[in-house]
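Undergrad: This is the content of model_29.txt (compact mmCIF, C-alpha atoms):
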```txt
# COMPACT_ATOMS: atom_id res chain seq x y z
CA MET A 1 -88.12 -1.60 271.53
CA ALA A 2 -90.51 -0.41 268.81
CA GLU A 3 -91.42 -2.68 265.95
CA LYS A 4 -89.65 -1.99 262.65
CA ALA A 5 -91.71 0.18 260.31
CA GLN A 6 -92.92 -1.59 257.18
CA ILE A 7 -92.63 0.38 253.92
CA LEU A 8 -93.91 -0.60 250.48
CA ALA A 9 -91.83 0.98 247.67
CA VAL A 10 -93.60 0.92 244.29
CA ASP A 11 -91.73 1.88 241.12
CA ASP A 12 -91.35 0.18 237.73
CA GLU A 13 -87.67 1.23 237.77
CA LYS A 14 -85.99 -1.57 239.73
CA ASP A 15 -82.95 0.62 240.41
CA MET A 16 -85.19 3.13 242.21
CA THR A 17 -86.74 0.49 244.47
CA ARG A 18 -83.25 -0.88 245.23
CA LEU A 19 -82.05 2.62 246.10
CA LEU A 20 -85.05 3.22 248.37
CA LYS A 21 -84.62 -0.16 250.05
CA ARG A 22 -80.91 0.31 250.68
CA SER A 23 -81.18 3.94 251.87
CA LEU A 24 -84.29 3.67 254.01
CA GLU A 25 -83.44 0.37 255.69
CA LEU A 26 -79.98 1.63 256.60
CA GLU A 27 -81.02 5.11 257.79
CA LEU A 28 -84.45 4.45 259.33
CA ASN A 29 -84.13 0.87 260.61
CA CYS A 30 -87.23 -0.22 258.70
CA THR A 31 -88.16 -3.02 256.31
CA VAL A 32 -88.78 -2.07 252.68
CA THR A 33 -90.74 -4.37 250.38
CA ALA A 34 -90.41 -3.64 246.66
CA ALA A 35 -93.21 -3.78 244.09
CA PHE A 36 -92.52 -3.10 240.42
CA SER A 37 -96.08 -2.26 239.32
CA GLY A 38 -99.35 -0.98 240.74
CA GLU A 39 -100.89 -4.42 240.28
CA MET A 40 -98.03 -6.09 242.18
CA ALA A 41 -98.40 -3.52 244.99
CA ALA A 42 -102.16 -4.14 245.24
CA SER A 43 -101.50 -7.87 245.51
CA ILE A 44 -98.85 -7.39 248.23
CA LEU A 45 -101.17 -5.07 250.19
CA GLU A 46 -103.75 -7.88 250.39
CA GLN A 47 -101.22 -10.07 252.21
CA GLU A 48 -99.17 -7.69 254.39
CA LYS A 49 -99.72 -4.62 256.57
CA PHE A 50 -97.63 -1.51 255.91
CA ASP A 51 -97.01 1.75 257.72
CA LEU A 52 -96.17 3.65 254.55
CA ALA A 53 -96.36 3.30 250.78
CA ILE A 54 -93.97 5.20 248.52
CA CYS A 55 -95.30 5.15 245.00
CA ASP A 56 -94.13 6.45 241.65
CA ILE A 57 -96.84 8.25 239.68
CA ARG A 58 -95.79 7.15 236.18
CA MET A 59 -95.88 3.38 235.73
CA PRO A 60 -97.24 1.17 232.95
CA GLY A 61 -100.56 -0.56 233.66
CA MET A 62 -101.98 0.63 236.97
CA ASP A 63 -100.30 4.01 237.46
CA GLY A 64 -99.60 5.74 240.75
CA PHE A 65 -102.90 7.64 240.80
CA GLU A 66 -104.90 4.45 240.28
CA LEU A 67 -102.90 2.74 243.02
CA LEU A 68 -103.45 5.73 245.33
CA GLU A 69 -107.20 5.49 244.66
CA HIS A 70 -107.09 1.74 245.42
CA ILE A 71 -105.19 2.34 248.66
CA LYS A 72 -107.54 5.12 249.81
CA LYS A 73 -110.53 2.86 249.12
CA PHE A 74 -109.26 -0.36 250.75
CA TYR A 75 -106.54 0.88 253.18
CA PRO A 76 -107.65 4.44 254.06
CA GLU A 77 -105.30 4.78 257.02
CA LEU A 78 -102.17 3.88 255.05
CA THR A 79 -99.93 6.92 254.58
CA VAL A 80 -98.88 7.38 250.94
CA VAL A 81 -95.96 9.41 249.59
CA MET A 82 -95.87 9.87 245.84
CA LEU A 83 -92.73 10.12 243.71
CA THR A 84 -92.92 12.35 240.66
CA ALA A 85 -90.55 13.38 237.89
CA PHE A 86 -88.76 16.66 238.54
CA GLY A 87 -90.77 19.72 237.57
CA ASN A 88 -94.12 17.96 237.44
CA ILE A 89 -95.84 20.07 240.11
CA GLU A 90 -99.34 19.58 238.61
CA SER A 91 -99.10 15.85 239.28
CA ALA A 92 -97.89 16.48 242.82
CA VAL A 93 -100.82 18.80 243.56
CA GLU A 94 -103.23 16.25 242.11
CA ALA A 95 -101.69 13.52 244.28
CA ILE A 96 -102.21 15.59 247.45
CA LYS A 97 -105.81 16.35 246.43
CA LYS A 98 -106.43 12.62 245.95
CA GLY A 99 -105.17 11.79 249.44
CA ALA A 100 -101.39 11.42 249.30
CA TYR A 101 -99.63 12.70 252.41
CA ASP A 102 -96.64 14.10 250.52
CA PHE A 103 -94.77 13.99 247.22
CA ILE A 104 -91.09 13.87 246.44
CA SER A 105 -89.62 15.03 243.15
CA LYS A 106 -87.16 12.77 241.35
CA PRO A 107 -84.22 13.02 241.35
CA PHE A 108 -84.09 13.66 245.08
CA GLU A 109 -81.37 14.33 247.59
CA HIS A 110 -80.62 11.50 250.02
CA ASP A 111 -81.19 13.68 253.11
CA GLU A 112 -84.47 15.01 251.73
CA ILE A 113 -86.03 11.58 251.19
CA ILE A 114 -84.88 10.39 254.62
CA PHE A 115 -86.41 13.46 256.27
CA ARG A 116 -89.70 13.28 254.33
CA VAL A 117 -90.12 9.53 254.87
CA GLN A 118 -89.34 9.99 258.57
CA LYS A 119 -92.15 12.60 258.79
CA ALA A 120 -94.57 10.30 256.96
CA LEU A 121 -93.72 7.39 259.27
CA GLU A 122 -94.24 9.65 262.29
CA ARG A 123 -97.71 10.50 260.96
CA SER A 124 -98.51 6.79 260.59
CA ARG A 125 -97.26 6.06 264.10
CA LEU A 126 -99.37 8.87 265.58
CA LEU A 127 -102.49 7.76 263.70
CA ASN A 128 -102.06 4.19 264.94
CA GLU A 129 -101.38 5.40 268.48
CA ASN A 130 -104.49 7.60 268.46
CA LYS A 131 -106.60 4.77 267.10
CA ALA A 132 -105.36 2.41 269.83
CA LEU A 133 -105.97 5.02 272.55
CA LEU A 134 -109.50 5.72 271.32
CA LYS A 135 -110.26 2.01 271.15
CA GLU A 136 -108.95 1.50 274.68
CA ARG A 137 -110.74 4.57 276.03
CA HIS A 138 -114.10 3.61 274.60
CA ALA A 139 -113.97 -0.12 275.22
CA GLY A 140 -117.16 -1.15 276.96
CA ILE A 141 -119.04 2.12 276.27
CA LYS A 142 -122.10 1.23 274.23
CA LEU A 143 -125.40 2.69 273.20
CA ILE A 144 -128.39 0.72 274.46
CA GLY A 145 -131.29 -0.42 272.32
CA ASN A 146 -132.10 -2.76 269.47
CA SER A 147 -135.34 -1.35 268.10
CA GLU A 148 -135.69 -0.68 264.39
CA ALA A 149 -135.06 3.04 265.02
CA MET A 150 -131.84 2.26 266.92
CA GLN A 151 -130.69 -0.09 264.14
CA LYS A 152 -130.99 2.86 261.74
CA VAL A 153 -128.90 4.98 264.12
CA TYR A 154 -126.23 2.25 264.36
CA ASN A 155 -126.10 1.97 260.56
CA GLN A 156 -125.68 5.75 260.20
CA ILE A 157 -122.89 5.73 262.79
CA LYS A 158 -121.07 2.94 260.93
CA ARG A 159 -121.35 4.81 257.62
CA VAL A 160 -119.88 8.08 258.88
CA ALA A 161 -117.36 6.57 261.32
CA ALA A 162 -115.16 5.35 258.47
CA SER A 163 -114.92 8.83 256.93
CA ASP A 164 -113.40 12.11 258.02
CA ILE A 165 -116.44 14.26 257.29
CA THR A 166 -117.89 16.62 259.89
CA VAL A 167 -121.22 15.49 261.34
CA LEU A 168 -123.72 17.43 263.48
CA ILE A 169 -125.41 15.26 266.09
CA THR A 170 -128.62 16.68 267.55
CA GLY A 171 -131.10 15.44 270.12
CA GLU A 172 -132.51 15.97 273.54
CA SER A 173 -130.39 15.85 276.68
CA GLY A 174 -129.52 12.28 277.73
CA THR A 175 -130.16 10.63 274.37
CA GLY A 176 -126.56 9.53 273.76
CA LYS A 177 -125.19 12.28 271.53
CA GLU A 178 -121.79 12.20 273.25
CA LEU A 179 -121.55 8.40 273.03
CA THR A 180 -122.53 8.60 269.37
CA ALA A 181 -119.84 11.21 268.74
CA ARG A 182 -117.22 8.93 270.29
```
Go ahead and render the structure in this file as structure tokens.

TA:
Amino acid sequence: MAEKAQILAVDDEKDMTRLLKRSLELELNCTVTAAFSGEMAASILEQEKFDLAICDIRMPGMDGFELLEHIKKFYPELTVVMLTAFGNIESAVEAIKKGAYDFISKPFEHDEIIFRVQKALERSRLLNENKALLKERHAGIKLIGNSEAMQKVYNQIKRVAASDITVLITGESGTGKELTAR
């Protein structure tokens, strides 16, 4: 049996977090933790691991965009769905550009939020599965060498490995380009 998905619901409107908790836990067999501010969410994220964060954009103090930025910096693999007031498409587009997976307009239909959250959780599950498979597949495969030149190579690999940028690896045959790519 799969582990229950962990969702962090962030909204300064307590009724909204209660609604999300009740609906999602019942429909998706997950655990929803509520946070009533961006600061509270950041604090909770330091202590617990989540599969998904659902975050309102407009909140006093640390707003949803600031929280999204914080999450992308410290928890880059966490899937984030933003909630936005109805008709505020500019904010939704900005959220996607800043790294949110999806946005949901408030007020929303019950079936719509269940469907969209299900899709976001599926994305999280696939990312985690891929990460585990890659780790398993490449366990024990290592580049050889500890010279100063190789230390520079290792540092470069570490820097780009955490990002999703495209990198061109060049070199002569047999120098470890394929291992480096992995």

Undergrad: Name the residues in contact with segment 73-88 of chain A at a cut-off of 7 Å, using all atoms listed in the file, excluding same-chain residues fewer than 6 positions from it; report them as a PyMOL selection string.

TA: chain A and resi 51-57+100-107+120+124

Undergrad: Could you please determine the separation between atom CA of Leu143 of chain A and atom CA of Thr180 of chain A in Å, to one decimal place?

TA: 7.6 Å

Undergrad: Find the distance between atom CA of Leu126 of chain A and atom CA of Asn29 of chain A and write it in Å to one decimal.

TA: 17.9 Å

Undergrad: For atom CA of Glu90 of chain A and atom CA of Ser37 of chain A, quote the distance in Å rounded to one decimal.

TA: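 Atom CA of Glu90 of chain A sits 22.1 Å away from atom CA of Ser37 of chain A.
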
Undergrad: Of the residues A:Ser91, A:Asn130, A:Ser173, A:Ser43, which is the one nearest to Leu67 of chain A, using all atoms listed in the file?

TA: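 Looking only at the distances to Leu67 of chain A, the closest residue turns out to be A:Ser43.
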
Undergrad: Could you tell me which of A:Arg58, A:Lys49, A:Lys152, A:Lys177 comes closest to Val10 of chain A if we count all atoms listed in the file?

TA: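 Of A:Arg58, A:Lys49, A:Lys152, A:Lys177, the one nearest Val10 of chain A is A:Arg58, counting all atoms listed in the file.
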
Undergrad: Please put the answer as JSON: centre and edge lengths, in Å with one decimal, of a box along x, y and z that encloses all listed atoms of segment 74-92 of chain A plus 4 Å on each side.

TA:
```
{"center_x": -99.0, "center_y": 9.9, "center_z": 247.2, "size_x": 28.5, "size_y": 28.4, "size_z": 27.6}
```

Undergrad: Would you mind listing what lies within 12 Å of Met150 of chain A as an MDAnalysis selection string, with all atoms listed in the file counted and same-chain residues fewer than 5 positions away left out?

TA: chainID A and resid 143:145 155:157 175:176 180

Undergrad: Of the candidates A:Leu8, A:Asp63, A:His70, A:Asp15, which one gets nearest to Ile44 of chain A if we count all atoms listed in the file?

TA: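 Looking at the shortest contact to Ile44 of chain A, the residue is A:Leu8.
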
Undergrad: Restricting the calculation to all atoms listed in the file, which member of A:Val153, A:Lys158, A:Phe36, A:Leu121 is positioned closest to Gly64 of chain A?

TA: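 When distances to Gly64 of chain A are compared using all atoms listed in the file, the smallest one comes from A:Phe36.
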
Undergrad: Would you mind listing what lies within 12 Å of Leu26 of chain A as a VMD selection string, with only C-alpha atoms counted and same-chain residues fewer than 6 positions away left out?

TA: chain A and resid 4 19 to 20 32 110 114

Undergrad: So which one's closest to Val160 of chain A, A:Glu129, A:Ala181, A:Arg116, A:Gly38? Using only C-alpha atoms, please.

TA: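 Residue with the minimum atom-to-atom distance to Val160 of chain A: A:Ala181.
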
Undergrad: Within 9 Å of Thr17 of chain A, counting only C-alpha atoms, which residues show up once you throw out same-chain ones fewer than 5 positions away? Write them as number ranges by chain, please.

TA: A: 9-12, 22, 32-36

Undergrad: Just checking: using only C-alpha atoms, which residue out of A:Phe50, A:Ser23, A:Val93, A:Gly99 ends up closest to Leu68 of chain A?

TA: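 Using only C-alpha atoms, Leu68 of chain A sits closest to A:Gly99.
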